[in-house]
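**Student:** The file below is coords34.csv, CSV, N, CA, C and O atoms:
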chain,number,residue,atom,x,y,z
A,1,MET,N,107.9,86.1,84.5
A,1,MET,CA,108.0,87.3,85.3
A,1,MET,C,109.1,88.2,84.7
A,1,MET,O,110.2,87.7,84.4
A,2,THR,N,108.8,89.5,84.5
A,2,THR,CA,109.8,90.4,83.9
A,2,THR,C,110.2,91.4,85.0
A,2,THR,O,109.3,92.0,85.7
A,3,ILE,N,111.5,91.5,85.2
A,3,ILE,CA,112.0,92.4,86.3
A,3,ILE,C,112.6,93.6,85.6
A,3,ILE,O,113.4,93.5,84.7
A,4,TYR,N,112.2,94.8,86.1
A,4,TYR,CA,112.7,96.0,85.6
A,4,TYR,C,113.5,96.8,86.7
A,4,TYR,O,113.1,96.7,87.8
A,5,LYS,N,114.5,97.5,86.3
A,5,LYS,CA,115.3,98.3,87.2
A,5,LYS,C,114.5,99.5,87.5
A,5,LYS,O,113.7,100.0,86.7
A,6,MET,N,114.8,100.1,88.7
A,6,MET,CA,114.1,101.2,89.2
A,6,MET,C,114.2,102.4,88.3
A,6,MET,O,113.2,103.1,88.0
A,7,ALA,N,115.3,102.7,87.7
A,7,ALA,CA,115.5,103.8,86.8
A,7,ALA,C,114.6,103.7,85.6
A,7,ALA,O,114.0,104.7,85.1
A,8,TYR,N,114.5,102.5,85.0
A,8,TYR,CA,113.7,102.3,83.9
A,8,TYR,C,112.2,102.4,84.3
A,8,TYR,O,111.4,103.1,83.5
A,9,ALA,N,111.8,101.9,85.4
A,9,ALA,CA,110.4,102.0,85.9
A,9,ALA,C,110.0,103.5,86.1
A,9,ALA,O,108.9,103.8,85.8
A,10,LYS,N,110.9,104.3,86.5
A,10,LYS,CA,110.6,105.7,86.7
A,10,LYS,C,110.2,106.4,85.4
A,10,LYS,O,109.3,107.2,85.4
A,11,THR,N,110.9,106.1,84.4
A,11,THR,CA,110.7,106.7,83.1
A,11,THR,C,109.6,106.0,82.2
A,11,THR,O,109.0,106.6,81.4
A,12,GLN,N,109.3,104.8,82.6
A,12,GLN,CA,108.4,104.0,81.7
A,12,GLN,C,107.2,103.5,82.5
A,12,GLN,O,106.6,102.5,82.2
A,13,LEU,N,106.8,104.2,83.6
A,13,LEU,CA,105.7,103.7,84.5
A,13,LEU,C,104.4,103.5,83.7
A,13,LEU,O,103.8,102.4,84.0
A,14,ALA,N,104.0,104.4,82.9
A,14,ALA,CA,102.8,104.2,82.1
A,14,ALA,C,102.8,102.9,81.3
A,14,ALA,O,101.8,102.2,81.3
A,15,SER,N,103.9,102.6,80.7
A,15,SER,CA,103.9,101.4,79.9
A,15,SER,C,103.9,100.1,80.8
A,15,SER,O,103.3,99.1,80.4
A,16,LEU,N,104.6,100.2,81.9
A,16,LEU,CA,104.6,99.1,82.8
A,16,LEU,C,103.2,98.8,83.4
A,16,LEU,O,102.8,97.7,83.6
A,17,ILE,N,102.5,99.9,83.7
A,17,ILE,CA,101.1,99.8,84.2
A,17,ILE,C,100.2,99.1,83.1
A,17,ILE,O,99.4,98.2,83.4
A,18,LYS,N,100.4,99.5,81.9
A,18,LYS,CA,99.6,98.8,80.8
A,18,LYS,C,100.0,97.3,80.7
A,18,LYS,O,99.1,96.5,80.5
A,19,GLU,N,101.2,97.0,80.9
A,19,GLU,CA,101.6,95.6,80.9
A,19,GLU,C,100.9,94.8,82.0
A,19,GLU,O,100.4,93.7,81.9
A,20,ALA,N,100.9,95.4,83.2
A,20,ALA,CA,100.3,94.8,84.4
A,20,ALA,C,98.8,94.6,84.2
A,20,ALA,O,98.3,93.5,84.5
A,21,ILE,N,98.2,95.6,83.6
A,21,ILE,CA,96.7,95.5,83.3
A,21,ILE,C,96.5,94.4,82.3
A,21,ILE,O,95.4,93.7,82.4
A,22,ALA,N,97.4,94.2,81.4
A,22,ALA,CA,97.2,93.2,80.3
A,22,ALA,C,97.5,91.8,80.9
A,22,ALA,O,97.4,90.8,80.2
A,23,GLY,N,97.9,91.7,82.2
A,23,GLY,CA,98.1,90.4,82.7
A,23,GLY,C,99.6,89.9,82.9
A,23,GLY,O,99.9,88.8,83.4
A,24,GLN,N,100.5,90.8,82.5
A,24,GLN,CA,101.9,90.5,82.6
A,24,GLN,C,102.3,90.6,84.1
A,24,GLN,O,101.8,91.4,84.8
A,25,ASP,N,103.3,89.8,84.5
A,25,ASP,CA,103.9,89.9,85.8
A,25,ASP,C,105.0,90.9,85.8
A,25,ASP,O,106.1,90.7,85.2
A,26,VAL,N,104.8,92.1,86.4
A,26,VAL,CA,105.8,93.2,86.3
A,26,VAL,C,106.3,93.4,87.7
A,26,VAL,O,105.6,93.6,88.7
A,27,VAL,N,107.7,93.2,87.8
A,27,VAL,CA,108.4,93.4,89.1
A,27,VAL,C,109.4,94.5,88.9
A,27,VAL,O,110.1,94.6,87.9
A,28,ILE,N,109.5,95.4,89.9
A,28,ILE,CA,110.5,96.5,89.9
A,28,ILE,C,111.5,96.2,91.0
A,28,ILE,O,111.2,95.8,92.1
A,29,ALA,N,112.8,96.3,90.6
A,29,ALA,CA,113.9,95.9,91.5
A,29,ALA,C,114.9,97.1,91.6
A,29,ALA,O,115.0,98.0,90.8
A,30,ARG,N,115.6,97.1,92.8
A,30,ARG,CA,116.7,98.0,93.0
A,30,ARG,C,117.9,97.2,93.3
A,30,ARG,O,117.9,96.3,94.2
A,31,ASP,N,119.0,97.4,92.6
A,31,ASP,CA,120.2,96.7,92.8
A,31,ASP,C,120.0,95.2,92.7
A,31,ASP,O,120.4,94.4,93.5
A,32,GLU,N,119.2,94.8,91.7
A,32,GLU,CA,118.9,93.4,91.4
A,32,GLU,C,118.0,92.7,92.5
A,32,GLU,O,117.8,91.5,92.4
A,33,GLN,N,117.6,93.5,93.4
A,33,GLN,CA,116.7,93.0,94.5
A,33,GLN,C,115.3,93.3,94.2
A,33,GLN,O,114.9,94.5,94.2
A,34,PRO,N,114.4,92.4,93.9
A,34,PRO,CA,113.0,92.7,93.6
A,34,PRO,C,112.3,93.4,94.8
A,34,PRO,O,112.5,93.0,96.0
A,35,LEU,N,111.6,94.5,94.6
A,35,LEU,CA,111.0,95.3,95.6
A,35,LEU,C,109.5,95.3,95.6
A,35,LEU,O,108.8,95.1,96.6
A,36,VAL,N,108.9,95.5,94.4
A,36,VAL,CA,107.5,95.6,94.3
A,36,VAL,C,107.0,94.8,93.0
A,36,VAL,O,107.7,94.7,92.1
A,37,ARG,N,105.7,94.4,93.1
A,37,ARG,CA,105.1,93.8,91.9
A,37,ARG,C,103.9,94.7,91.6
A,37,ARG,O,103.1,95.1,92.4
A,38,LEU,N,103.7,95.0,90.3
A,38,LEU,CA,102.6,95.8,89.8
A,38,LEU,C,101.5,94.8,89.5
A,38,LEU,O,101.7,93.9,88.7
A,39,VAL,N,100.3,95.1,90.1
A,39,VAL,CA,99.1,94.2,89.8
A,39,VAL,C,97.9,95.1,89.7
A,39,VAL,O,97.8,96.2,90.3
A,40,PRO,N,97.0,94.8,88.8
A,40,PRO,CA,95.8,95.6,88.6
A,40,PRO,C,94.9,95.5,89.9
A,40,PRO,O,94.9,94.5,90.5
A,41,VAL,N,94.2,96.6,90.2
A,41,VAL,CA,93.3,96.6,91.3
A,41,VAL,C,92.0,95.9,90.8
A,41,VAL,O,91.5,96.2,89.8
A,42,GLU,N,91.5,95.0,91.7
A,42,GLU,CA,90.3,94.3,91.3
A,42,GLU,C,89.1,95.3,91.4
A,42,GLU,O,89.1,96.2,92.3
A,43,ALA,N,88.2,95.2,90.5
A,43,ALA,CA,87.1,96.2,90.5
A,43,ALA,C,86.2,95.9,91.7
A,43,ALA,O,85.8,94.8,92.0
A,44,GLY,N,86.0,97.0,92.4
A,44,GLY,CA,85.1,97.0,93.6
A,44,GLY,C,83.8,97.5,93.2
A,44,GLY,O,83.5,97.9,92.1
A,45,PRO,N,82.9,97.6,94.2
A,45,PRO,CA,81.6,98.2,93.9
A,45,PRO,C,81.7,99.7,93.6
A,45,PRO,O,82.5,100.4,94.2
A,46,THR,N,80.9,100.1,92.7
A,46,THR,CA,80.8,101.5,92.4
A,46,THR,C,79.7,102.2,93.1
A,46,THR,O,78.8,101.4,93.7
A,47,SER,N,79.6,103.5,93.1
A,47,SER,CA,78.5,104.1,93.9
A,47,SER,C,77.2,103.7,93.3
A,47,SER,O,76.2,103.7,94.0
A,48,SER,N,77.1,103.4,92.0
A,48,SER,CA,75.8,103.0,91.5
A,48,SER,C,75.4,101.6,91.9
A,48,SER,O,74.3,101.2,91.8
A,49,ASP,N,76.4,100.8,92.4
A,49,ASP,CA,76.1,99.4,92.8
A,49,ASP,C,75.6,99.4,94.3
A,49,ASP,O,75.1,98.4,94.7
A,50,ARG,N,75.8,100.5,95.0
A,50,ARG,CA,75.5,100.5,96.4
A,50,ARG,C,74.0,100.8,96.6
A,50,ARG,O,73.4,101.6,95.9
A,51,THR,N,73.5,100.2,97.6
A,51,THR,CA,72.1,100.6,98.0
A,51,THR,C,72.1,101.0,99.5
A,51,THR,O,72.9,100.5,100.3
A,52,GLY,N,71.3,101.9,99.8
A,52,GLY,CA,71.2,102.4,101.2
A,52,GLY,C,70.3,101.6,102.0
A,52,GLY,O,69.6,100.6,101.6
A,53,GLY,N,70.2,101.9,103.3
A,53,GLY,CA,69.3,101.2,104.2
A,53,GLY,C,69.9,100.0,104.9
A,53,GLY,O,69.1,99.2,105.5
A,54,ASP,N,71.2,99.7,104.7
A,54,ASP,CA,71.7,98.5,105.4
A,54,ASP,C,71.6,98.5,106.9
A,54,ASP,O,71.5,97.5,107.5
A,55,LEU,N,71.6,99.7,107.5
A,55,LEU,CA,71.5,99.8,108.9
A,55,LEU,C,70.1,100.1,109.4
A,55,LEU,O,69.9,100.3,110.6
A,56,GLU,N,69.2,100.2,108.6
A,56,GLU,CA,67.8,100.5,109.0
A,56,GLU,C,67.3,99.5,110.0
A,56,GLU,O,67.4,98.3,109.9
A,57,GLY,N,66.8,100.1,111.1
A,57,GLY,CA,66.3,99.3,112.2
A,57,GLY,C,67.3,98.8,113.2
A,57,GLY,O,67.0,98.3,114.2
A,58,ARG,N,68.6,99.0,112.8
A,58,ARG,CA,69.7,98.6,113.7
A,58,ARG,C,70.4,99.8,114.4
A,58,ARG,O,71.1,99.6,115.4
A,59,VAL,N,70.1,101.0,114.0
A,59,VAL,CA,70.7,102.2,114.5
A,59,VAL,C,69.6,103.1,114.9
A,59,VAL,O,68.7,103.4,114.1
A,60,SER,N,69.7,103.7,116.1
A,60,SER,CA,68.7,104.7,116.5
A,60,SER,C,69.4,105.9,117.1
A,60,SER,O,70.5,105.7,117.8
A,61,LEU,N,68.9,107.1,117.0
A,61,LEU,CA,69.5,108.2,117.6
A,61,LEU,C,68.5,108.9,118.5
A,61,LEU,O,67.3,109.0,118.1
A,62,PRO,N,68.9,109.4,119.6
A,62,PRO,CA,67.9,110.0,120.5
A,62,PRO,C,67.5,111.4,119.9
A,62,PRO,O,68.2,112.0,119.1
A,63,ASP,N,66.3,111.9,120.3
A,63,ASP,CA,65.8,113.1,119.7
A,63,ASP,C,66.8,114.3,120.0
A,63,ASP,O,66.9,115.2,119.3
A,64,ALA,N,67.5,114.2,121.2
A,64,ALA,CA,68.4,115.3,121.5
A,64,ALA,C,69.5,115.4,120.5
A,64,ALA,O,70.1,116.5,120.4
A,65,PHE,N,69.8,114.4,119.7
A,65,PHE,CA,70.8,114.4,118.7
A,65,PHE,C,70.5,115.5,117.6
A,65,PHE,O,71.4,116.2,117.1
A,66,PHE,N,69.2,115.7,117.4
A,66,PHE,CA,68.7,116.6,116.4
A,66,PHE,C,68.5,118.0,116.9
A,66,PHE,O,68.1,118.9,116.2
A,67,ALA,N,68.6,118.2,118.2
A,67,ALA,CA,68.4,119.5,118.9
A,67,ALA,C,69.5,120.5,118.5
A,67,ALA,O,70.6,120.0,118.3
A,68,PRO,N,69.2,121.8,118.4
A,68,PRO,CA,70.3,122.7,118.1
A,68,PRO,C,71.4,122.7,119.1
A,68,PRO,O,71.2,122.4,120.3
A,69,MET,N,72.6,122.9,118.7
A,69,MET,CA,73.8,122.9,119.6
A,69,MET,C,73.8,124.2,120.4
A,69,MET,O,73.4,125.3,119.9
A,70,THR,N,74.1,124.0,121.7
A,70,THR,CA,74.2,125.2,122.6
A,70,THR,C,75.4,126.0,122.2
A,70,THR,O,76.4,125.5,121.6
A,71,ASP,N,75.4,127.3,122.6
A,71,ASP,CA,76.6,128.1,122.4
A,71,ASP,C,77.9,127.6,123.0
A,71,ASP,O,78.9,127.6,122.4
A,72,ALA,N,77.7,127.0,124.2
A,72,ALA,CA,78.9,126.5,124.9
A,72,ALA,C,79.4,125.3,124.2
A,72,ALA,O,80.7,125.1,124.0
A,73,ALA,N,78.6,124.4,123.6
A,73,ALA,CA,79.0,123.3,122.9
A,73,ALA,C,79.7,123.7,121.6
A,73,ALA,O,80.7,123.1,121.2
A,74,ALA,N,79.1,124.7,120.9
A,74,ALA,CA,79.7,125.2,119.7
A,74,ALA,C,81.1,125.8,120.0
A,74,ALA,O,82.0,125.6,119.2
A,75,ASP,N,81.3,126.5,121.1
A,75,ASP,CA,82.6,127.0,121.5
A,75,ASP,C,83.6,125.8,121.7
A,75,ASP,O,84.7,125.9,121.3
A,76,ASP,N,83.1,124.8,122.4
A,76,ASP,CA,84.0,123.6,122.6
A,76,ASP,C,84.5,123.0,121.3
A,76,ASP,O,85.6,122.5,121.2
A,77,TRP,N,83.6,123.0,120.3
A,77,TRP,CA,84.0,122.5,118.9
A,77,TRP,C,84.7,123.5,118.1
A,77,TRP,O,85.1,123.2,116.9
A,78,GLY,N,84.8,124.7,118.6
A,78,GLY,CA,85.5,125.8,117.8
A,78,GLY,C,84.7,126.3,116.6
A,78,GLY,O,85.2,126.8,115.6
A,79,LEU,N,83.3,126.2,116.8
A,79,LEU,CA,82.4,126.7,115.8
A,79,LEU,C,81.9,128.1,116.0
A,79,LEU,O,81.9,128.6,117.1
As structure tokens - that is how I would like this structure written.

**Tutor:**
Amino acid sequence: MTIYKMAYAKTQLASLIKEAIAGQDVVIARDEQPLVRLVPVEAGPTSSDRTGGDLEGRVSLPDAFFAPMTDAAADDWGL
């Protein structure tokens, strides 16, 4: 584990991020007190990984939901 002082981390953040991505244990400290650890974010699903229709058949909306909004309701919403 490598501990860096806050002042150094402020000026060298990009290089510290590269170290963390490479698997190094990067800790930033203030007054010799460790405060944070930089770790890479795990890859999550991208928009191309997602598929629609997860709620199909489980959610229904009444026909009134699709009806035009009345003027009074539009005023209530500030529209």

**Student:** So that I can check the surroundings of stretch 34-43 of chain A, please list as a VMD selection string every protein, DNA and RNA residue that reaches within 7 Å of it, counting all atoms listed in the file and ignoring chain neighbours fewer than 3 positions away.

**Tutor:** chain A and resid 16 to 17 19 to 21 24 to 31 46

**Student:** Provide the atom O of A:Ala67 to atom C of A:Leu55 distance in Å, to one decimal place.

**Tutor:** 21.8 Å

**Student:** Would you mind reading off the distance between atom C of A:Thr2 and atom O of A:Lys18, one decimal, in Å?

**Tutor:**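 The value is 13.0 Å.
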
**Student:** Suppose you want the space between atom O of A:Pro62 and atom CA of A:Gly78; what is it in Å?

**Tutor:** 22.2 Å
